[in-house]
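This is structure03.txt. It holds compact mmCIF, C-alpha atoms.
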# COMPACT_ATOMS: atom_id res chain seq x y z
CA MET A 1 -32.94 -3.21 9.57
CA THR A 2 -35.38 -2.13 6.85
CA LYS A 3 -35.83 1.27 8.50
CA ASN A 4 -32.07 1.85 8.48
CA VAL A 5 -31.84 1.06 4.79
CA VAL A 6 -34.64 3.51 3.97
CA LEU A 7 -32.99 6.18 6.13
CA ASN A 8 -29.64 5.73 4.44
CA LYS A 9 -31.21 6.13 1.00
CA SER A 10 -32.77 9.41 2.08
CA LEU A 11 -29.48 10.90 3.27
CA PRO A 12 -27.93 13.55 0.98
CA LYS A 13 -24.75 12.37 -0.67
CA PRO A 14 -21.81 14.30 0.76
CA LYS A 15 -19.56 16.16 -1.63
CA ILE A 16 -16.25 14.41 -2.12
CA SER A 17 -12.88 16.02 -2.81
CA ILE A 18 -10.57 13.71 -4.74
CA ILE A 19 -6.95 14.65 -4.03
CA VAL A 20 -4.06 13.54 -6.23
CA PRO A 21 -0.45 14.63 -5.53
CA VAL A 22 1.84 14.67 -8.58
CA LYS A 23 5.23 15.93 -9.71
CA LYS A 24 3.70 17.08 -12.98
CA ILE A 25 0.68 16.38 -15.13
CA ASN A 26 1.41 13.04 -16.80
CA ASN A 27 -0.19 10.64 -19.25
CA TYR A 28 -1.55 8.41 -16.50
CA LEU A 29 -3.57 11.38 -15.28
CA ARG A 30 -4.66 12.47 -18.74
CA ARG A 31 -5.60 9.06 -20.11
CA GLU A 32 -6.75 7.08 -17.10
CA THR A 33 -7.05 8.75 -13.68
CA ILE A 34 -9.09 11.82 -14.59
CA PRO A 35 -11.28 10.06 -17.22
CA ALA A 36 -12.05 7.27 -14.71
CA ILE A 37 -13.00 9.82 -12.05
CA LEU A 38 -15.23 11.74 -14.46
CA ASN A 39 -16.91 8.44 -15.36
CA GLN A 40 -18.02 7.84 -11.75
CA THR A 41 -21.66 6.91 -11.21
CA CYS A 42 -21.60 9.37 -8.28
CA LYS A 43 -21.14 12.87 -9.73
CA ASN A 44 -20.97 14.99 -6.58
CA PHE A 45 -17.20 15.54 -6.43
CA GLU A 46 -14.33 17.85 -7.21
CA ILE A 47 -10.80 16.91 -8.31
CA ILE A 48 -7.78 18.62 -6.74
CA ILE A 49 -4.36 17.97 -8.27
CA LEU A 50 -1.28 19.18 -6.41
CA SER A 51 1.63 19.65 -8.82
CA ASP A 52 5.22 20.84 -8.46
CA THR A 53 4.66 23.30 -11.28
CA GLU A 54 1.90 25.37 -12.80
CA SER A 55 -0.03 23.90 -15.71
CA LYS A 56 -2.15 25.49 -18.44
CA GLU A 57 -4.02 22.24 -18.99
CA LYS A 58 -7.68 22.22 -17.99
CA PHE A 59 -9.91 19.31 -17.02
CA PHE A 60 -13.59 19.25 -16.11
CA LYS A 61 -14.30 19.59 -12.34
CA THR A 62 -10.55 19.85 -11.73
CA LYS A 63 -8.35 22.38 -9.94
CA ILE A 64 -4.60 22.18 -10.49
CA ILE A 65 -2.76 23.79 -7.58
CA PRO A 66 1.01 24.38 -7.88
CA THR A 67 2.94 23.71 -4.69
CA TRP A 68 6.10 25.73 -4.45
CA PRO A 69 8.72 25.12 -3.25
CA LYS A 70 8.64 21.47 -4.30
CA THR A 71 7.36 19.25 -1.53
CA GLY A 72 6.44 15.64 -0.85
CA PRO A 73 3.15 13.74 -1.32
CA ALA A 74 2.11 14.05 2.34
CA ASP A 75 2.49 17.85 2.30
CA LYS A 76 0.59 18.05 -0.97
CA ARG A 77 -2.27 15.98 0.41
CA ASP A 78 -2.45 18.27 3.44
CA ILE A 79 -2.59 21.33 1.17
CA GLY A 80 -5.29 19.66 -0.90
CA ALA A 81 -7.31 18.88 2.23
CA LYS A 82 -7.23 22.55 3.28
CA LYS A 83 -8.44 23.63 -0.17
CA ALA A 84 -11.10 20.91 -0.34
CA LYS A 85 -14.80 21.76 -0.21
CA GLY A 86 -15.96 18.19 0.29
CA LYS A 87 -16.96 16.49 3.54
CA ILE A 88 -15.03 13.42 2.45
CA LEU A 89 -11.42 13.43 1.21
CA ALA A 90 -10.61 10.72 -1.33
CA PHE A 91 -6.92 10.05 -1.95
CA LEU A 92 -5.51 8.51 -5.13
CA ASP A 93 -2.02 8.22 -6.61
CA ASP A 94 -1.29 9.65 -10.04
CA ASP A 95 -0.66 6.15 -11.44
CA SER A 96 -4.00 4.75 -10.26
CA TYR A 97 -7.59 4.94 -11.50
CA PRO A 98 -10.88 3.95 -9.83
CA ASP A 99 -13.70 1.63 -10.81
CA LYS A 100 -16.78 3.55 -11.96
CA ASN A 101 -18.68 2.70 -8.74
CA TRP A 102 -15.76 3.59 -6.44
CA LEU A 103 -17.35 6.67 -4.90
CA LYS A 104 -20.90 5.30 -4.83
CA ASN A 105 -19.83 2.19 -2.93
CA ALA A 106 -17.67 4.17 -0.50
CA ILE A 107 -20.50 6.61 0.31
CA LYS A 108 -22.81 3.73 1.23
CA ILE A 109 -20.29 2.57 3.82
CA PHE A 110 -19.84 6.04 5.32
CA GLN A 111 -23.62 6.30 5.68
CA GLU A 112 -23.73 3.17 7.86
CA SER A 113 -22.29 4.88 10.94
CA ASN A 114 -20.53 8.04 12.08
CA LYS A 115 -18.04 5.75 13.81
CA ILE A 116 -16.65 4.89 10.38
CA SER A 117 -13.91 7.45 9.82
CA ALA A 118 -12.33 6.03 6.68
CA VAL A 119 -13.03 3.60 3.86
CA CYS A 120 -10.54 1.77 1.67
CA GLY A 121 -10.39 -1.09 -0.82
CA PRO A 122 -8.16 -3.25 -3.01
CA THR A 123 -5.70 -1.86 -5.54
CA LEU A 124 -5.49 -4.30 -8.41
CA THR A 125 -2.80 -4.55 -11.08
CA PRO A 126 -4.26 -3.43 -14.44
CA SER A 127 -4.49 -6.23 -17.00
CA HIS A 128 -2.62 -4.11 -19.57
CA ASN A 129 0.51 -3.74 -17.41
CA ASN A 130 3.65 -5.26 -18.94
CA LEU A 131 5.35 -8.47 -17.82
CA ARG A 132 7.66 -6.84 -15.26
CA GLN A 133 4.86 -4.77 -13.80
CA LYS A 134 2.67 -7.85 -13.44
CA ALA A 135 5.52 -9.65 -11.68
CA SER A 136 5.65 -6.79 -9.19
CA GLY A 137 1.87 -6.99 -8.81
CA TYR A 138 2.07 -10.68 -7.92
CA VAL A 139 4.76 -9.99 -5.35
CA TRP A 140 2.26 -7.67 -3.67
CA SER A 141 -0.80 -9.90 -4.09
CA THR A 142 0.45 -13.42 -3.34
CA TRP A 143 0.59 -14.87 0.16
CA LEU A 144 4.30 -15.67 -0.05
CA GLY A 145 5.23 -12.35 -1.59
CA SER A 146 3.31 -9.99 0.68
CA GLY A 147 1.81 -11.91 3.57
CA GLY A 148 3.08 -9.47 6.16
CA ALA A 149 1.63 -6.41 4.44
CA GLY A 150 -1.71 -8.15 3.91
CA THR A 151 -2.52 -9.55 0.49
CA TYR A 152 -6.01 -8.04 0.75
CA ARG A 153 -4.45 -4.69 -0.18
CA CYS A 154 -3.69 -5.87 -3.70
CA THR A 155 -6.31 -8.52 -4.33
CA ILE A 156 -10.03 -9.00 -3.72
CA ALA A 157 -10.76 -10.05 -0.13
CA GLU A 158 -13.75 -10.06 2.19
CA ARG A 159 -14.96 -6.92 3.90
CA GLN A 160 -13.13 -6.25 7.16
CA GLU A 161 -12.06 -3.63 9.67
CA VAL A 162 -8.39 -2.58 9.30
CA ASP A 163 -6.07 -0.24 11.17
CA ASP A 164 -3.47 0.56 8.49
CA TYR A 165 -3.91 1.26 4.80
CA PRO A 166 -2.03 3.09 2.01
CA THR A 167 -3.37 6.31 0.50
CA VAL A 168 -3.49 5.00 -3.05
CA ASN A 169 -7.14 4.11 -2.30
CA PHE A 170 -8.22 5.82 0.90
CA LEU A 171 -11.26 7.95 1.72
CA VAL A 172 -11.64 9.76 5.05
CA ARG A 173 -14.07 12.19 6.66
CA LYS A 174 -12.54 15.65 6.42
CA LYS A 175 -13.49 16.58 10.00
CA ASP A 176 -11.66 13.50 11.32
CA PHE A 177 -8.66 14.16 9.08
CA LEU A 178 -8.35 17.70 10.42
CA ALA A 179 -8.99 16.57 14.01
CA VAL A 180 -5.74 14.56 13.94
CA ASN A 181 -3.86 17.29 12.02
CA GLY A 182 -3.72 15.35 8.77
CA PHE A 183 -0.57 13.62 7.62
CA ASN A 184 2.74 13.70 9.43
CA SER A 185 4.88 14.88 6.53
CA HIS A 186 8.10 13.75 8.22
CA PHE A 187 7.26 10.21 7.13
CA TRP A 188 7.18 9.19 3.47
CA PRO A 189 6.19 6.57 2.84
CA GLY A 190 4.53 5.89 6.15
CA GLU A 191 2.43 9.01 6.61
CA ASP A 192 -0.64 6.87 5.94
CA THR A 193 0.32 4.45 8.74
CA LYS A 194 0.54 7.35 11.20
CA LEU A 195 -2.78 8.80 10.02
CA CYS A 196 -4.58 5.46 10.39
CA LEU A 197 -3.12 5.03 13.87
CA ASP A 198 -4.39 8.47 14.88
CA LEU A 199 -7.87 7.82 13.47
CA THR A 200 -8.27 4.48 15.23
CA LYS A 201 -6.47 5.17 18.53
CA LYS A 202 -6.87 8.90 19.17
CA LEU A 203 -10.39 9.24 17.80
CA GLY A 204 -11.53 5.68 18.43
CA LYS A 205 -13.01 5.47 14.92
CA LYS A 206 -13.15 2.61 12.40
CA ILE A 207 -11.51 2.05 9.01
CA ILE A 208 -13.48 -0.28 6.77
CA TYR A 209 -11.97 -2.22 3.88
CA ASP A 210 -14.52 -3.26 1.28
CA PRO A 211 -13.73 -5.09 -1.99
CA LYS A 212 -16.29 -2.98 -3.84
CA VAL A 213 -14.25 0.18 -3.21
CA LEU A 214 -11.98 -0.75 -6.08
CA VAL A 215 -8.99 1.00 -7.62
CA TYR A 216 -6.45 -0.12 -10.23
CA HIS A 217 -2.82 0.72 -9.56
CA HIS A 218 0.07 0.51 -12.01
CA ARG A 219 3.06 -1.37 -10.55
CA ARG A 220 6.75 -0.50 -10.56
CA GLU A 221 8.66 -2.82 -12.86
CA VAL A 222 10.93 -5.46 -11.37
CA PHE A 223 13.65 -5.24 -10.53
CA ARG A 224 15.14 -1.80 -9.88
CA PRO A 225 11.99 0.43 -9.69
CA HIS A 226 10.16 -2.22 -7.66
CA LEU A 227 13.02 -2.74 -5.21
CA LYS A 228 13.57 1.00 -4.85
CA GLN A 229 9.95 1.34 -3.73
CA ILE A 230 10.25 -1.70 -1.44
CA SER A 231 13.37 -0.17 0.14
CA ARG A 232 11.48 2.92 1.29
CA TYR A 233 8.64 0.86 2.72
CA ALA A 234 11.04 -1.50 4.52
CA ILE A 235 13.01 1.24 6.30
CA HIS A 236 9.88 3.02 7.48
CA ARG A 237 8.09 -0.15 8.54
CA GLY A 238 11.11 -1.28 10.48
CA HIS A 239 11.27 2.08 12.24
CA PHE A 240 7.54 2.03 12.91
CA ALA A 241 7.81 -1.46 14.41
CA ARG A 242 9.84 0.15 17.19
CA VAL A 243 8.24 3.59 17.56
CA LEU A 244 4.62 2.78 16.52
CA PRO A 245 4.24 -0.83 17.67
CA GLN A 246 0.44 -0.67 17.86
CA THR A 247 0.08 -1.35 14.14
CA SER A 248 3.60 -2.23 12.97
CA PHE A 249 5.03 -4.66 15.55
CA ARG A 250 3.55 -7.71 13.85
CA ILE A 251 5.16 -11.01 12.99
CA GLY A 252 4.36 -10.71 9.29
CA TYR A 253 6.53 -7.61 8.99
CA PHE A 254 9.43 -9.32 10.79
CA ILE A 255 9.51 -12.55 8.74
CA PRO A 256 11.69 -11.17 5.87
CA ALA A 257 14.16 -9.90 8.51
CA PHE A 258 14.29 -13.36 10.10
CA PHE A 259 14.80 -14.78 6.60
CA VAL A 260 17.82 -12.55 5.95
CA LEU A 261 19.32 -13.23 9.39
CA GLY A 262 18.85 -16.95 8.95
CA LEU A 263 20.23 -17.03 5.41
CA ILE A 264 23.38 -15.08 6.22
CA GLY A 265 23.80 -15.91 9.90
CA GLY A 266 23.19 -19.62 9.39
CA SER A 267 25.92 -19.96 6.78
CA ILE A 268 28.39 -18.03 8.94
CA LEU A 269 27.58 -20.14 12.00
CA ILE A 270 28.04 -23.40 10.09
CA PHE A 271 31.38 -22.17 8.74
CA LEU A 272 32.59 -21.25 12.24
CA LEU A 273 31.50 -24.59 13.68
CA GLU A 274 33.48 -26.37 10.96
CA ILE A 275 36.59 -24.29 11.72
CA PHE A 276 36.41 -25.10 15.42
CA GLN A 277 35.65 -28.77 14.62
CA PHE A 278 32.20 -29.00 16.21
CA CYS A 279 31.40 -31.53 13.50
CA THR A 280 28.28 -33.14 14.99
CA VAL A 281 26.64 -29.79 15.68
CA SER A 282 27.63 -28.35 12.32
CA ILE A 283 26.21 -31.36 10.42
CA SER A 284 22.88 -31.10 12.27
CA LEU A 285 22.74 -27.36 11.70
CA LEU A 286 23.69 -27.78 8.05
CA PHE A 287 20.83 -30.25 7.58
CA LEU A 288 18.36 -27.84 9.20
CA TYR A 289 19.73 -24.94 7.13
CA LEU A 290 19.45 -26.79 3.82
CA PHE A 291 16.02 -28.17 4.70
CA SER A 292 14.77 -24.65 5.44
CA ILE A 293 16.11 -23.41 2.10
CA PHE A 294 14.42 -26.36 0.38
CA LEU A 295 11.06 -25.45 1.95
CA TYR A 296 11.45 -21.84 0.89
CA LEU A 297 12.32 -22.80 -2.69
CA LEU A 298 9.36 -25.17 -2.72
CA ALA A 299 7.08 -22.32 -1.63
CA LEU A 300 8.50 -20.16 -4.43
CA LEU A 301 7.85 -22.93 -6.94
CA ILE A 302 4.27 -23.44 -5.74
CA THR A 303 3.63 -19.70 -6.00
CA ALA A 304 5.05 -19.65 -9.53
CA ILE A 305 2.79 -22.57 -10.50
CA GLN A 306 -0.23 -20.74 -9.08
CA VAL A 307 0.64 -17.68 -11.17
CA TYR A 308 1.06 -19.83 -14.28
CA LEU A 309 -2.32 -21.52 -13.78
CA LYS A 310 -3.94 -18.10 -13.54
CA GLU A 311 -2.06 -16.25 -16.28
CA LYS A 312 -0.96 -19.09 -18.59
CA ASN A 313 2.31 -17.21 -19.01
CA PHE A 314 5.47 -19.24 -18.41
CA LYS A 315 7.80 -16.19 -18.51
CA LEU A 316 5.74 -14.40 -15.88
CA ALA A 317 5.62 -17.48 -13.63
CA LEU A 318 9.39 -17.88 -13.92
CA LEU A 319 9.99 -14.19 -13.19
CA ILE A 320 7.99 -14.44 -9.96
CA ILE A 321 10.68 -16.61 -8.32
CA PRO A 322 13.61 -14.12 -8.36
CA SER A 323 11.18 -11.21 -7.84
CA ILE A 324 9.87 -12.56 -4.54
CA PHE A 325 13.33 -13.65 -3.37
CA ALA A 326 14.87 -10.23 -4.12
CA THR A 327 11.92 -8.49 -2.42
CA HIS A 328 12.28 -10.59 0.73
CA PHE A 329 16.03 -10.06 0.90
CA ILE A 330 15.99 -6.29 0.34
CA TYR A 331 12.96 -5.74 2.56
CA GLY A 332 14.38 -7.89 5.36
CA ALA A 333 17.78 -6.19 5.36
CA LEU A 334 16.38 -2.65 5.30
CA PHE A 335 13.66 -3.46 7.84
CA ILE A 336 16.48 -4.26 10.28
CA LYS A 337 18.19 -0.99 9.39
CA GLY A 338 14.96 0.95 9.98
CA PHE A 339 14.26 -0.83 13.26
CA PHE A 340 17.60 0.24 14.73
CA SER A 341 17.62 3.76 13.23
CA PRO A 342 17.16 6.34 16.02
CA LYS A 343 15.29 8.59 13.57
CA LEU A 344 14.48 8.82 9.89
CA ASN A 345 15.51 11.64 7.61
CA ARG A 346 12.60 13.48 6.05
Is it possible to express this structure as structure tokens?
Amino acid sequence: MTKNVVLNKSLPKPKISIIVPVKKINNYLRRETIPAILNQTCKNFEIIILSDTESKEKFFKTKIIPTWPKTGPADKRDIGAKKAKGKILAFLDDDSYPDKNWLKNAIKIFQESNKISAVCGPTLTPSHNNLRQKASGYVWSTWLGSGGAGTYRCTIAERQEVDDYPTVNFLVRKKDFLAVNGFNSHFWPGEDTKLCLDLTKKLGKKIIYDPKVLVYHHRREVFRPHLKQISRYAIHRGHFARVLPQTSFRIGYFIPAFFVLGLIGGSILIFLLEIFQFCTVSISLLFLYLFSIFLYLLALLITAIQVYLKEKNFKLALLIIPSIFATHFIYGALFIKGFFSPKLNR
């Protein structure tokens, strides 16, 4: 074991290309993303920003590449990968910024084995986000809010091997990325799910999640921006559950759909039983229906209490309840739509 450690220390640090797709240069990039990257303890990197338009702004170690005609994030990341000089591609979103040891900690993991194709880590909600953004963050990071997607994505968890991870904090060997032809730009969001599937199944490589590979990610405010984002994820995940079952046909992703079907279908069934005078059955079903709703509301209340104990903010704790409910309802309904969609529009 000691010999391996010494060997790893002697290995040259590979150059890393940090790729950020954007619509235009924004204040997140200026004030947080680029400064946080330039503050990395590992200095062997370049920054590639893919923008819809040209920009006269200049940043140290940064290339701004206009992509015309306008295209989506997956296409931009593919363009960035082709322009990259690094052996490792590191993907960030334009509303995220890394911890100062982000690259250093990721490199250590890559050096453990060539079987490790990609490295990822948690994306935490910044402490300076506003109330509605924090509510969105707790939807993503609490067990009740985001159990199916894996709470480890948005909170600190133990190191583990994963087979699906979003590109907001994702580093991959360039040779492996090119070997599977990069992102499938037909899917957005969801191009990251397809990439991870290709890396793990086609190449037989590993993706390692480590809590030390840390990024902070600004959240979409509840309700409209948050639910708009959730809607895109739900449709694609539902579709993937049917066409890419290896990583998407999992009970956690289906639970919100069962919730919606039970909430709406149960009330309709009870109403019909009453009309046709199946009184005994309808009373039993009504009891089960109301008891299930009680358990769900109790879980919402417990989650809100947990948030309050952590944040000491009554308004935030109260906001969590409708935020999680609305997320479950919208996600569940659109997951069903995606599951039965023969194809998705690009």
Residue list as a list in words for point (-18.4, 3.2, -4.2), cut-off 10 Å, only C-alpha atoms: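 With a cut-off of 10 Å, the residues come to Gln40, Thr41, Cys42, Pro98, Asp99, Lys100, Asn101, Trp102, Leu103, Lys104, Asn105, Ala106, Ile107, Lys108, Ile109, Val119, Cys120, Gly121, Asp210, Pro211, Lys212, Val213 and Leu214 of chain A.
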Radius query 10 Å about (12.9, 7.9, 15.0), atoms used: only C-alpha atoms, as a ChimeraX atom specification: /A:187,236,239-240,242-244,338-345
Residue neighbourhood Asp95 (chain A), 9 Å, all atoms listed in the file, exclusion window fewer than 5 positions, as number ranges by chain: A: 26, 28-29, 32-33, 168, 216-219
Output as a tab-separated table one row per residue of region 236-267 of chain A within 8 Å of region 189-206 of chain A: the closest atom pair and its distance in Å to one decimal place, counting only C-alpha atoms, sorted by chain and residue number ascending.
residue	atom	partner	partner_atom	distance
A:His236	CA	A:Gly190	CA	6.2
A:Arg237	CA	A:Gly190	CA	7.4
A:Gln246	CA	A:Leu197	CA	7.8
A:Thr247	CA	A:Leu197	CA	7.1
CA of Leu92 (chain A) to CA of Ile34 (chain A), distance in Å rounded to a single decimal: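 Computing it gives 10.6 Å between the two atoms.
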Near Phe60 (chain A), counting all atoms listed in the file, which residues have an atom at most 10 Å away, once you skip same-chain residues fewer than 6 positions from it, shown as a PDB file with C-alpha atoms, in the frame of the given file?
ATOM      1  CA  ILE A  34      -9.090  11.820 -14.590  1.00  0.00           C
ATOM      2  CA  PRO A  35     -11.280  10.060 -17.220  1.00  0.00           C
ATOM      3  CA  LEU A  38     -15.230  11.740 -14.460  1.00  0.00           C
ATOM      4  CA  GLU A  46     -14.330  17.850  -7.210  1.00  0.00           C
ATOM      5  CA  ILE A  47     -10.800  16.910  -8.310  1.00  0.00           C
TER       6      ILE A  47
END
Distance criterion (all atoms listed in the file): nearest to Ile251 (chain A) out of A:Leu319, A:Lys76, A:Gly150, A:Lys337: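 Using all atoms listed in the file, the shortest distance to Ile251 (chain A) belongs to A:Gly150.
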Region 224-228 of chain A surroundings by all atoms listed in the file, 8 Å radius, close-in-sequence under 5 positions cut, as number ranges by chain: A: 136, 219, 326-327, 330
Keeping only C-alpha atoms, write the selected residues as a tab-separated table (two decimals), in the frame of the given file.
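For reference, part09.tsv as written:
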chain	number	residue	atom	x	y	z
A	136	SER	CA	5.65	-6.79	-9.19
A	219	ARG	CA	3.06	-1.37	-10.55
A	326	ALA	CA	14.87	-10.23	-4.12
A	327	THR	CA	11.92	-8.49	-2.42
A	330	ILE	CA	15.99	-6.29	0.34
One-decimal distance in Å that lies between CA of Leu171 (chain A) and CA of Val215 (chain A):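 These atoms are spaced 11.9 Å apart.
Restricting the calculation to all atoms listed in the file, the smallest distance between Gly137 (chain A) and any of A:Ala299, A:Ile336, A:Leu316, A:Ile207 is found for A:Leu316.
Taking CA of Arg173 (chain A) as the reference point, CA of Glu112 (chain A) is found at 13.3 Å.
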Proximity to Ile235 (chain A) - best of A:Tyr331, A:Phe314, A:Phe223, A:Phe170, all atoms listed in the file: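 For Ile235 (chain A), the nearest of the candidates is A:Tyr331.
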Please supply region 161-179 of chain A, rebuilt with N, CA and C atoms, as a compact mmCIF listing (two decimals), keeping the file's coordinate frame.
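Output (result.txt):
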# COMPACT_ATOMS: atom_id res chain seq x y z
N GLU A 161 -12.56 -4.83 9.03
CA GLU A 161 -12.06 -3.63 9.67
C GLU A 161 -10.55 -3.70 9.72
N VAL A 162 -9.86 -2.61 9.34
CA VAL A 162 -8.39 -2.58 9.30
C VAL A 162 -7.90 -1.39 10.11
N ASP A 163 -6.62 -1.37 10.42
CA ASP A 163 -6.07 -0.24 11.17
C ASP A 163 -4.86 0.39 10.49
N ASP A 164 -4.60 0.00 9.24
CA ASP A 164 -3.47 0.56 8.49
C ASP A 164 -3.73 0.34 7.01
N TYR A 165 -3.64 1.42 6.22
CA TYR A 165 -3.91 1.26 4.80
C TYR A 165 -3.25 2.38 4.01
N PRO A 166 -2.72 2.08 2.82
CA PRO A 166 -2.03 3.09 2.01
C PRO A 166 -3.01 4.06 1.35
N THR A 167 -2.53 5.25 1.03
CA THR A 167 -3.37 6.31 0.50
C THR A 167 -3.67 6.20 -0.99
N VAL A 168 -3.19 5.17 -1.64
CA VAL A 168 -3.49 5.00 -3.05
C VAL A 168 -4.99 4.77 -3.27
N ASN A 169 -5.69 4.32 -2.24
CA ASN A 169 -7.14 4.11 -2.30
C ASN A 169 -7.69 4.29 -0.90
N PHE A 170 -7.86 5.54 -0.49
CA PHE A 170 -8.22 5.82 0.90
C PHE A 170 -9.13 7.03 0.95
N LEU A 171 -10.29 6.87 1.58
CA LEU A 171 -11.26 7.95 1.72
C LEU A 171 -11.50 8.18 3.21
N VAL A 172 -11.53 9.44 3.63
CA VAL A 172 -11.64 9.76 5.05
C VAL A 172 -12.52 10.99 5.24
N ARG A 173 -13.27 11.01 6.35
CA ARG A 173 -14.07 12.19 6.66
C ARG A 173 -13.13 13.37 6.91
N LYS A 174 -13.43 14.50 6.29
CA LYS A 174 -12.54 15.65 6.42
C LYS A 174 -12.43 16.12 7.87
N LYS A 175 -13.53 16.11 8.61
CA LYS A 175 -13.49 16.58 10.00
C LYS A 175 -12.57 15.70 10.85
N ASP A 176 -12.55 14.41 10.58
CA ASP A 176 -11.66 13.50 11.32
C ASP A 176 -10.21 13.71 10.90
N PHE A 177 -10.01 13.90 9.61
CA PHE A 177 -8.66 14.16 9.08
C PHE A 177 -8.06 15.40 9.73
N LEU A 178 -8.84 16.46 9.82
CA LEU A 178 -8.35 17.70 10.42
C LEU A 178 -8.20 17.58 11.93
N ALA A 179 -9.04 16.74 12.55
CA ALA A 179 -8.99 16.57 14.01
C ALA A 179 -7.67 15.96 14.46
